[in-house]
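> Following this line is coords.pdb, made up of PDB, C-alpha atoms, pLDDT in the B column:
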```
ATOM      1  CA  MET A  13    -110.301  29.562 -30.836  1.00 66.00           C
ATOM      2  CA  ASN A  14    -113.033  31.052 -28.641  1.00 81.00           C
ATOM      3  CA  LYS A  15    -110.906  34.204 -28.176  1.00 90.00           C
ATOM      4  CA  ILE A  16    -110.768  34.667 -31.966  1.00 93.00           C
ATOM      5  CA  TYR A  17    -114.540  34.318 -32.159  1.00 96.00           C
ATOM      6  CA  GLN A  18    -115.047  36.798 -29.313  1.00 95.00           C
ATOM      7  CA  SER A  19    -112.636  39.266 -30.877  1.00 95.00           C
ATOM      8  CA  THR A  20    -114.519  39.075 -34.175  1.00 96.00           C
ATOM      9  CA  ALA A  21    -117.875  39.584 -32.449  1.00 97.00           C
ATOM     10  CA  ASN A  22    -116.497  42.522 -30.459  1.00 95.00           C
ATOM     11  CA  SER A  23    -115.106  44.217 -33.568  1.00 95.00           C
ATOM     12  CA  LEU A  24    -118.347  43.746 -35.509  1.00 96.00           C
ATOM     13  CA  TYR A  25    -120.795  44.497 -32.698  1.00 95.00           C
ATOM     14  CA  PRO A  26    -119.647  47.103 -30.134  1.00 94.00           C
ATOM     15  CA  ASP A  27    -121.232  46.788 -26.719  1.00 92.00           C
ATOM     16  CA  SER A  28    -124.580  48.289 -25.929  1.00 94.00           C
ATOM     17  CA  PRO A  29    -126.506  46.914 -22.935  1.00 92.00           C
ATOM     18  CA  GLU A  30    -128.409  44.507 -25.208  1.00 93.00           C
ATOM     19  CA  THR A  31    -125.399  43.460 -27.291  1.00 96.00           C
ATOM     20  CA  TYR A  32    -123.314  42.922 -24.171  1.00 95.00           C
ATOM     21  CA  ARG A  33    -125.948  40.536 -22.705  1.00 96.00           C
ATOM     22  CA  LEU A  34    -126.325  38.807 -26.051  1.00 97.00           C
ATOM     23  CA  LYS A  35    -122.579  38.221 -26.481  1.00 97.00           C
ATOM     24  CA  LYS A  36    -122.107  37.143 -22.875  1.00 97.00           C
ATOM     25  CA  THR A  37    -124.876  34.554 -23.124  1.00 98.00           C
ATOM     26  CA  TYR A  38    -123.888  33.339 -26.592  1.00 98.00           C
ATOM     27  CA  PHE A  39    -120.229  32.809 -25.651  1.00 97.00           C
ATOM     28  CA  ASN A  40    -121.229  31.156 -22.395  1.00 97.00           C
ATOM     29  CA  VAL A  41    -123.210  28.570 -24.393  1.00 97.00           C
ATOM     30  CA  LEU A  42    -120.494  28.252 -27.067  1.00 97.00           C
ATOM     31  CA  SER A  43    -117.889  27.571 -24.361  1.00 96.00           C
ATOM     32  CA  TYR A  44    -120.123  24.914 -22.800  1.00 96.00           C
ATOM     33  CA  ILE A  45    -120.535  23.192 -26.174  1.00 96.00           C
ATOM     34  CA  HIS A  46    -116.764  22.969 -26.659  1.00 93.00           C
ATOM     35  CA  GLU A  47    -115.861  22.176 -23.034  1.00 95.00           C
ATOM     36  CA  ASN A  48    -118.219  19.194 -23.139  1.00 95.00           C
ATOM     37  CA  ASP A  49    -117.577  18.227 -26.775  1.00 92.00           C
ATOM     38  CA  TRP A  50    -121.312  18.525 -27.240  1.00 93.00           C
ATOM     39  CA  GLN A  51    -121.405  17.466 -30.879  1.00 90.00           C
ATOM     40  CA  GLY A  52    -124.747  17.578 -32.649  1.00 88.00           C
ATOM     41  CA  ALA A  53    -126.532  19.346 -29.786  1.00 93.00           C
ATOM     42  CA  CYS A  54    -128.183  22.054 -31.861  1.00 96.00           C
ATOM     43  CA  HIS A  55    -131.713  21.519 -30.542  1.00 97.00           C
ATOM     44  CA  ALA A  56    -130.492  21.362 -26.930  1.00 97.00           C
ATOM     45  CA  THR A  57    -128.308  24.453 -27.169  1.00 97.00           C
ATOM     46  CA  THR A  58    -130.977  26.384 -29.051  1.00 98.00           C
ATOM     47  CA  ALA A  59    -133.498  25.613 -26.292  1.00 98.00           C
ATOM     48  CA  ILE A  60    -131.034  26.652 -23.575  1.00 98.00           C
ATOM     49  CA  LEU A  61    -129.998  29.812 -25.407  1.00 98.00           C
ATOM     50  CA  TYR A  62    -133.649  30.682 -25.980  1.00 98.00           C
ATOM     51  CA  VAL A  63    -134.475  30.459 -22.265  1.00 98.00           C
ATOM     52  CA  LEU A  64    -131.375  32.384 -21.170  1.00 98.00           C
ATOM     53  CA  LEU A  65    -131.936  35.178 -23.680  1.00 98.00           C
ATOM     54  CA  ARG A  66    -135.669  35.471 -22.943  1.00 98.00           C
ATOM     55  CA  GLU A  67    -134.915  35.610 -19.206  1.00 97.00           C
ATOM     56  CA  GLN A  68    -132.853  38.709 -19.946  1.00 96.00           C
ATOM     57  CA  GLY A  69    -135.601  40.374 -21.964  1.00 96.00           C
ATOM     58  CA  LEU A  70    -134.148  39.655 -25.403  1.00 97.00           C
ATOM     59  CA  GLU A  71    -136.651  38.731 -28.126  1.00 97.00           C
ATOM     60  CA  ALA A  72    -135.125  35.409 -29.170  1.00 98.00           C
ATOM     61  CA  VAL A  73    -136.934  33.110 -31.615  1.00 98.00           C
ATOM     62  CA  PRO A  74    -136.099  29.370 -31.560  1.00 98.00           C
ATOM     63  CA  CYS A  75    -135.977  28.111 -35.152  1.00 98.00           C
ATOM     64  CA  LEU A  76    -135.738  24.663 -36.670  1.00 98.00           C
ATOM     65  CA  GLY A  77    -135.301  23.760 -40.316  1.00 97.00           C
ATOM     66  CA  GLU A  78    -132.787  22.787 -42.919  1.00 96.00           C
ATOM     67  CA  VAL A  79    -129.469  24.548 -43.353  1.00 96.00           C
ATOM     68  CA  SER A  80    -127.411  24.330 -46.507  1.00 95.00           C
ATOM     69  CA  GLN A  81    -124.004  25.265 -47.810  1.00 94.00           C
ATOM     70  CA  GLY A  82    -123.477  24.258 -51.415  1.00 91.00           C
ATOM     71  CA  PRO A  83    -124.434  20.567 -51.731  1.00 91.00           C
ATOM     72  CA  ILE A  84    -124.471  20.027 -47.946  1.00 91.00           C
ATOM     73  CA  VAL A  85    -127.963  20.075 -46.405  1.00 93.00           C
ATOM     74  CA  PHE A  86    -128.820  19.132 -42.825  1.00 94.00           C
ATOM     75  CA  ASP A  87    -131.588  19.467 -40.240  1.00 95.00           C
ATOM     76  CA  HIS A  88    -130.654  22.012 -37.603  1.00 96.00           C
ATOM     77  CA  SER A  89    -131.915  24.542 -35.091  1.00 97.00           C
ATOM     78  CA  TRP A  90    -130.771  28.051 -34.220  1.00 98.00           C
ATOM     79  CA  ILE A  91    -131.895  31.306 -32.612  1.00 98.00           C
ATOM     80  CA  GLU A  92    -133.006  34.418 -34.468  1.00 98.00           C
ATOM     81  CA  ILE A  93    -133.007  37.920 -33.024  1.00 97.00           C
ATOM     82  CA  ASP A  94    -134.453  40.590 -35.316  1.00 96.00           C
ATOM     83  CA  SER A  95    -134.289  37.979 -38.125  1.00 97.00           C
ATOM     84  CA  LYS A  96    -130.522  37.538 -37.614  1.00 98.00           C
ATOM     85  CA  VAL A  97    -129.073  34.106 -36.859  1.00 98.00           C
ATOM     86  CA  LEU A  98    -127.273  33.067 -33.668  1.00 98.00           C
ATOM     87  CA  ASP A  99    -125.822  29.577 -34.069  1.00 98.00           C
ATOM     88  CA  ALA A 100    -123.181  28.301 -31.675  1.00 97.00           C
ATOM     89  CA  ALA A 101    -123.923  24.589 -32.197  1.00 96.00           C
ATOM     90  CA  VAL A 102    -122.989  24.610 -35.882  1.00 96.00           C
ATOM     91  CA  SER A 103    -119.348  24.613 -34.734  1.00 95.00           C
ATOM     92  CA  LYS A 104    -119.832  21.026 -33.474  1.00 92.00           C
ATOM     93  CA  SER A 105    -121.998  19.497 -36.193  1.00 87.00           C
ATOM     94  CA  LEU A 106    -122.727  15.804 -36.653  1.00 82.00           C
ATOM     95  CA  ILE A 107    -121.505  15.883 -40.240  1.00 81.00           C
ATOM     96  CA  GLN A 108    -118.351  13.794 -40.266  1.00 74.00           C
ATOM     97  CA  GLY A 109    -115.240  15.700 -41.200  1.00 73.00           C
ATOM     98  CA  ILE A 110    -117.065  18.999 -41.638  1.00 80.00           C
ATOM     99  CA  SER A 111    -117.191  21.856 -39.193  1.00 83.00           C
ATOM    100  CA  PHE A 112    -118.478  25.374 -39.591  1.00 95.00           C
ATOM    101  CA  PRO A 113    -117.512  28.544 -37.740  1.00 96.00           C
ATOM    102  CA  PRO A 114    -120.133  29.707 -35.246  1.00 97.00           C
ATOM    103  CA  VAL A 115    -122.578  32.343 -36.476  1.00 98.00           C
ATOM    104  CA  PHE A 116    -123.374  35.490 -34.498  1.00 98.00           C
ATOM    105  CA  LEU A 117    -126.016  37.871 -35.881  1.00 98.00           C
ATOM    106  CA  ASP A 118    -125.502  36.417 -39.387  1.00 98.00           C
ATOM    107  CA  SER A 119    -121.700  36.793 -39.177  1.00 98.00           C
ATOM    108  CA  ASN A 120    -119.155  34.004 -39.581  1.00 98.00           C
ATOM    109  CA  LEU A 121    -117.075  34.452 -36.431  1.00 98.00           C
ATOM    110  CA  LEU A 122    -113.906  33.166 -38.048  1.00 96.00           C
ATOM    111  CA  THR A 123    -113.809  35.609 -40.961  1.00 96.00           C
ATOM    112  CA  GLY A 124    -116.158  38.380 -39.853  1.00 97.00           C
ATOM    113  CA  ASP A 125    -117.977  38.085 -43.180  1.00 98.00           C
ATOM    114  CA  ARG A 126    -121.636  37.270 -43.599  1.00 98.00           C
ATOM    115  CA  SER A 127    -122.094  33.528 -43.053  1.00 98.00           C
ATOM    116  CA  ASP A 128    -122.550  31.543 -46.262  1.00 97.00           C
ATOM    117  CA  LEU A 129    -124.831  29.049 -44.513  1.00 97.00           C
ATOM    118  CA  ILE A 130    -128.416  29.269 -45.749  1.00 97.00           C
ATOM    119  CA  TYR A 131    -130.831  28.940 -42.824  1.00 97.00           C
ATOM    120  CA  GLY A 132    -134.332  27.744 -43.629  1.00 96.00           C
ATOM    121  CA  SER A 133    -133.098  26.287 -46.904  1.00 94.00           C
ATOM    122  CA  ASP A 134    -135.661  24.549 -49.088  1.00 90.00           C
ATOM    123  CA  ILE A 135    -133.314  22.546 -51.299  1.00 89.00           C
ATOM    124  CA  GLY A 136    -133.325  19.388 -49.136  1.00 83.00           C
ATOM    125  CA  ARG A 137    -135.956  16.744 -48.515  1.00 88.00           C
ATOM    126  CA  GLY A 138    -137.593  18.486 -45.586  1.00 92.00           C
ATOM    127  CA  LEU A 139    -137.189  17.633 -41.918  1.00 95.00           C
ATOM    128  CA  ASP A 140    -136.513  14.016 -41.031  1.00 94.00           C
ATOM    129  CA  ALA A 141    -138.847  12.248 -38.576  1.00 96.00           C
ATOM    130  CA  GLN A 142    -136.742  13.089 -35.502  1.00 95.00           C
ATOM    131  CA  ALA A 143    -136.453  16.808 -36.328  1.00 96.00           C
ATOM    132  CA  GLN A 144    -140.167  16.953 -37.176  1.00 97.00           C
ATOM    133  CA  ALA A 145    -141.059  15.346 -33.832  1.00 97.00           C
ATOM    134  CA  ILE A 146    -138.976  17.998 -32.028  1.00 97.00           C
ATOM    135  CA  ALA A 147    -140.546  20.782 -34.094  1.00 97.00           C
ATOM    136  CA  ASP A 148    -144.002  19.510 -33.091  1.00 98.00           C
ATOM    137  CA  MET A 149    -143.389  19.631 -29.327  1.00 97.00           C
ATOM    138  CA  PRO A 150    -143.204  22.635 -27.026  1.00 98.00           C
ATOM    139  CA  ILE A 151    -139.678  23.627 -26.028  1.00 98.00           C
ATOM    140  CA  GLY A 152    -140.382  22.852 -22.376  1.00 97.00           C
ATOM    141  CA  LEU A 153    -141.337  19.270 -23.159  1.00 97.00           C
ATOM    142  CA  TYR A 154    -138.149  18.856 -25.175  1.00 97.00           C
ATOM    143  CA  MET A 155    -136.091  20.339 -22.322  1.00 98.00           C
ATOM    144  CA  ASP A 156    -137.793  18.094 -19.743  1.00 97.00           C
ATOM    145  CA  GLY A 157    -136.865  14.957 -21.670  1.00 93.00           C
ATOM    146  CA  PHE A 158    -133.092  15.509 -21.794  1.00 93.00           C
ATOM    147  CA  PRO A 159    -131.440  12.532 -20.062  1.00 92.00           C
ATOM    148  CA  GLY A 160    -128.011  14.124 -19.401  1.00 88.00           C
ATOM    149  CA  HIS A 161    -129.030  16.096 -16.297  1.00 93.00           C
ATOM    150  CA  PRO A 162    -131.463  15.295 -13.445  1.00 94.00           C
ATOM    151  CA  GLU A 163    -133.423  18.487 -14.248  1.00 96.00           C
ATOM    152  CA  GLY A 164    -133.211  18.013 -18.018  1.00 97.00           C
ATOM    153  CA  LEU A 165    -131.956  20.897 -20.138  1.00 98.00           C
ATOM    154  CA  TRP A 166    -133.504  23.244 -17.582  1.00 98.00           C
ATOM    155  CA  GLY A 167    -130.751  22.211 -15.166  1.00 97.00           C
ATOM    156  CA  ILE A 168    -128.058  23.026 -17.727  1.00 97.00           C
ATOM    157  CA  ALA A 169    -129.736  26.373 -18.429  1.00 98.00           C
ATOM    158  CA  LYS A 170    -129.670  27.099 -14.692  1.00 97.00           C
ATOM    159  CA  LEU A 171    -125.976  26.121 -14.507  1.00 97.00           C
ATOM    160  CA  LEU A 172    -125.070  28.327 -17.477  1.00 98.00           C
ATOM    161  CA  GLY A 173    -127.165  31.178 -16.109  1.00 98.00           C
ATOM    162  CA  LYS A 174    -125.281  30.973 -12.829  1.00 97.00           C
ATOM    163  CA  ARG A 175    -121.969  31.156 -14.734  1.00 96.00           C
ATOM    164  CA  GLN A 176    -122.926  34.578 -16.003  1.00 95.00           C
ATOM    165  CA  GLY A 177    -124.570  35.865 -12.839  1.00 95.00           C
ATOM    166  CA  LEU A 178    -128.147  35.172 -13.942  1.00 95.00           C
ATOM    167  CA  LYS A 179    -130.343  33.702 -11.222  1.00 94.00           C
ATOM    168  CA  LEU A 180    -132.733  31.345 -12.969  1.00 94.00           C
ATOM    169  CA  SER A 181    -135.778  30.006 -11.150  1.00 96.00           C
ATOM    170  CA  LEU A 182    -136.695  26.790 -12.938  1.00 95.00           C
ATOM    171  CA  VAL A 183    -140.309  26.987 -11.791  1.00 96.00           C
ATOM    172  CA  LEU A 184    -140.717  30.492 -13.207  1.00 96.00           C
ATOM    173  CA  ALA A 185    -138.710  29.787 -16.364  1.00 97.00           C
ATOM    174  CA  LYS A 186    -140.798  26.694 -17.110  1.00 97.00           C
ATOM    175  CA  SER A 187    -144.022  28.634 -16.627  1.00 97.00           C
ATOM    176  CA  LYS A 188    -142.843  31.537 -18.830  1.00 97.00           C
ATOM    177  CA  TRP A 189    -141.029  29.697 -21.642  1.00 97.00           C
ATOM    178  CA  GLY A 190    -141.990  26.017 -21.408  1.00 97.00           C
ATOM    179  CA  LYS A 191    -145.009  26.310 -23.709  1.00 98.00           C
ATOM    180  CA  SER A 192    -143.073  28.159 -26.405  1.00 98.00           C
ATOM    181  CA  ASN A 193    -142.946  26.542 -29.812  1.00 98.00           C
ATOM    182  CA  TRP A 194    -140.197  26.148 -32.373  1.00 98.00           C
ATOM    183  CA  VAL A 195    -140.593  28.225 -35.520  1.00 98.00           C
ATOM    184  CA  VAL A 196    -140.041  26.012 -38.551  1.00 97.00           C
ATOM    185  CA  ARG A 197    -138.135  27.764 -41.324  1.00 96.00           C
ATOM    186  CA  SER A 198    -138.244  26.442 -44.875  1.00 85.00           C
TER     187      SER A 198
END
```
Could you spell out this file's structure in structure tokens?


Amino acid sequence: MNKIYQSTANSLYPDSPETYRLKKTYFNVLSYIHENDWQGACHATTAILYVLLREQGLEAVPCLGEVSQGPIVFDHSWIEIDSKVLDAAVSKSLIQGISFPPVFLDSNLLTGDRSDLIYGSDIGRGLDAQAQAIADMPIGLYMDGFPGHPEGLWGIAKLLGKRQGLKLSLVLAKSKWGKSNWVVRS
């Protein structure tokens, strides 16, 4: 399925130096999500994607808020670049029996059409306590607290960076991006 998604992204967004880096990083993270069956890891993958993109000079914005599609509303996080959504984690949501195609620069990567997901939706009840607690902490603190790797999410970011030839110094990355905050969209 990843090849279909990549083909769609390539047909919609021809390579420029920036787009090439963006696609390479995005599909690296998307592959990791599916290889590890990382269901419901939107905050984790958004934090990792944020660090990897910023390390490459891309102006990524980590967002957190509600997403809706028709009557379905859920707390979620994603990246925005130039106000366009990058969302790999939505393809492994926690909503039982429901999956969504990944979103790349507002495009549904299954159809190539504009995604029908509404990011920053205001039709729900607002963020639940867990999502609000994440929104209130710096990204670095959230990444430090991840129990699945000895170096937290920073260690996974370093691993994924290495996969794509990006040498990530955790000390420098933490000092540059660790104090960054989530942008709450509603």

> List the residues sitting within 12 Å of (-125.4, 21.6, -47.7) in the file's frame, using only C-alpha atoms, as a ChimeraX atom specification.

/A:78-88,107,110-112,128-137

> Using only C-alpha atoms, please write the residues we just selected to a file, as a compact mmCIF listing (two decimals), in the frame of the given file.


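Below is the file that was written, result_15.txt:
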```
# COMPACT_ATOMS: atom_id res chain seq x y z
CA GLU A 78 -132.79 22.79 -42.92
CA VAL A 79 -129.47 24.55 -43.35
CA SER A 80 -127.41 24.33 -46.51
CA GLN A 81 -124.00 25.26 -47.81
CA GLY A 82 -123.48 24.26 -51.42
CA PRO A 83 -124.43 20.57 -51.73
CA ILE A 84 -124.47 20.03 -47.95
CA VAL A 85 -127.96 20.08 -46.40
CA PHE A 86 -128.82 19.13 -42.82
CA ASP A 87 -131.59 19.47 -40.24
CA HIS A 88 -130.65 22.01 -37.60
CA ILE A 107 -121.50 15.88 -40.24
CA ILE A 110 -117.06 19.00 -41.64
CA SER A 111 -117.19 21.86 -39.19
CA PHE A 112 -118.48 25.37 -39.59
CA ASP A 128 -122.55 31.54 -46.26
CA LEU A 129 -124.83 29.05 -44.51
CA ILE A 130 -128.42 29.27 -45.75
CA TYR A 131 -130.83 28.94 -42.82
CA GLY A 132 -134.33 27.74 -43.63
CA SER A 133 -133.10 26.29 -46.90
CA ASP A 134 -135.66 24.55 -49.09
CA ILE A 135 -133.31 22.55 -51.30
CA GLY A 136 -133.32 19.39 -49.14
CA ARG A 137 -135.96 16.74 -48.52
```

> Check which residues satisfy the PyMOL selection byres ((chain A and resi 114) around 12) in the file shown, then give them as a count of residues only.

43

> For stretch 108-124 of chain A, I'd like the enclosing box, axis-aligned and padded by 8 Å on every side, reported as JSON with centre and edge lengths in Å to one decimal.


```
{"center_x": -119.9, "center_y": 26.1, "center_z": -38.1, "size_x": 28.2, "size_y": 40.6, "size_z": 23.1}
```

> Rank nothing, just name the residue among A:Leu182, A:Leu76, A:Leu153, A:Leu139 nearest to A:Trp194, using all atoms listed in the file.

A:Leu76

> Using only C-alpha atoms for the distances, tell me which of A:Asp148, A:Asp27, A:Asp140, A:Glu67 is nearest to A:Gly173.

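Going through A:Asp148, A:Asp27, A:Asp140, A:Glu67 one by one, the smallest distance to A:Gly173 is for A:Glu67.
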
> Between atom CA of A:Ser95 and atom CA of A:Cys75, what is the distance in Å, rounded to a tenth?

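These atoms are spaced 10.4 Å apart.
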
> Pick the closest to A:Asp49 from A:Ala143, A:Leu106, A:Ser192, A:Ile168: which is it, counting all atoms listed in the file?

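Selected residue with least distance to A:Asp49: A:Leu106.
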
> Record the distance separating atom CA of A:Ser89 and atom CA of A:Tyr62, expressed in Å with one decimal.

11.1 Å

> How far is it from atom CA of A:Ala56 to atom CA of A:Trp166, in Å with one decimal?

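Pair atom CA of A:Ala56 / atom CA of A:Trp166 returns 10.0 Å.
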
> For this structure, which residues satisfy the selection - the PyMOL selection byres ((chain A and resi 186) around 10) - when it is evaluated on the file as given? I want them as a list in words.

Val63, Ile151, Gly152, Leu153, Met155, Asp156, Trp166, Ser181, Leu182, Val183, Leu184, Ala185, Ser187, Lys188, Trp189, Gly190, Lys191 and Ser192 of chain A

> I need the residue set behind the PyMOL selection byres ((chain A and resi 64) around 9) for this file; please write it as an mmCIF file with C-alpha atoms, keeping the file's coordinate frame.


```
data_model
loop_
_atom_site.group_PDB
_atom_site.id
_atom_site.type_symbol
_atom_site.label_atom_id
_atom_site.label_comp_id
_atom_site.auth_asym_id
_atom_site.auth_seq_id
_atom_site.Cartn_x
_atom_site.Cartn_y
_atom_site.Cartn_z
ATOM 1 C CA THR A 37 -124.876 34.554 -23.124
ATOM 2 C CA ALA A 59 -133.498 25.613 -26.292
ATOM 3 C CA ILE A 60 -131.034 26.652 -23.575
ATOM 4 C CA LEU A 61 -129.998 29.812 -25.407
ATOM 5 C CA TYR A 62 -133.649 30.682 -25.980
ATOM 6 C CA VAL A 63 -134.475 30.459 -22.265
ATOM 7 C CA LEU A 65 -131.936 35.178 -23.680
ATOM 8 C CA ARG A 66 -135.669 35.471 -22.943
ATOM 9 C CA GLU A 67 -134.915 35.610 -19.206
ATOM 10 C CA GLN A 68 -132.853 38.709 -19.946
ATOM 11 C CA LEU A 70 -134.148 39.655 -25.403
ATOM 12 C CA ALA A 169 -129.736 26.373 -18.429
ATOM 13 C CA LYS A 170 -129.670 27.099 -14.692
ATOM 14 C CA LEU A 172 -125.070 28.327 -17.477
ATOM 15 C CA GLY A 173 -127.165 31.178 -16.109
ATOM 16 C CA LEU A 178 -128.147 35.172 -13.942
ATOM 17 C CA LEU A 180 -132.733 31.345 -12.969
#
```

> Given all atoms listed in the file as the basis, pick out the residue of A:Phe158, A:Arg175, A:Gln108, A:Glu163 nearest to A:Ala53.

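Looking at the shortest contact to A:Ala53, the residue is A:Phe158.
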
> So, counting all atoms listed in the file, which residue among A:Val195, A:Glu71, A:Gly109, A:Asn22 is closest to A:Pro150?

A:Val195

> Of the candidates A:Pro162, A:Lys179, A:Gly77, A:Gly157, which one gets nearest to A:Arg197 if we count only C-alpha atoms?

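Smallest distance to A:Arg197 is found for A:Gly77.
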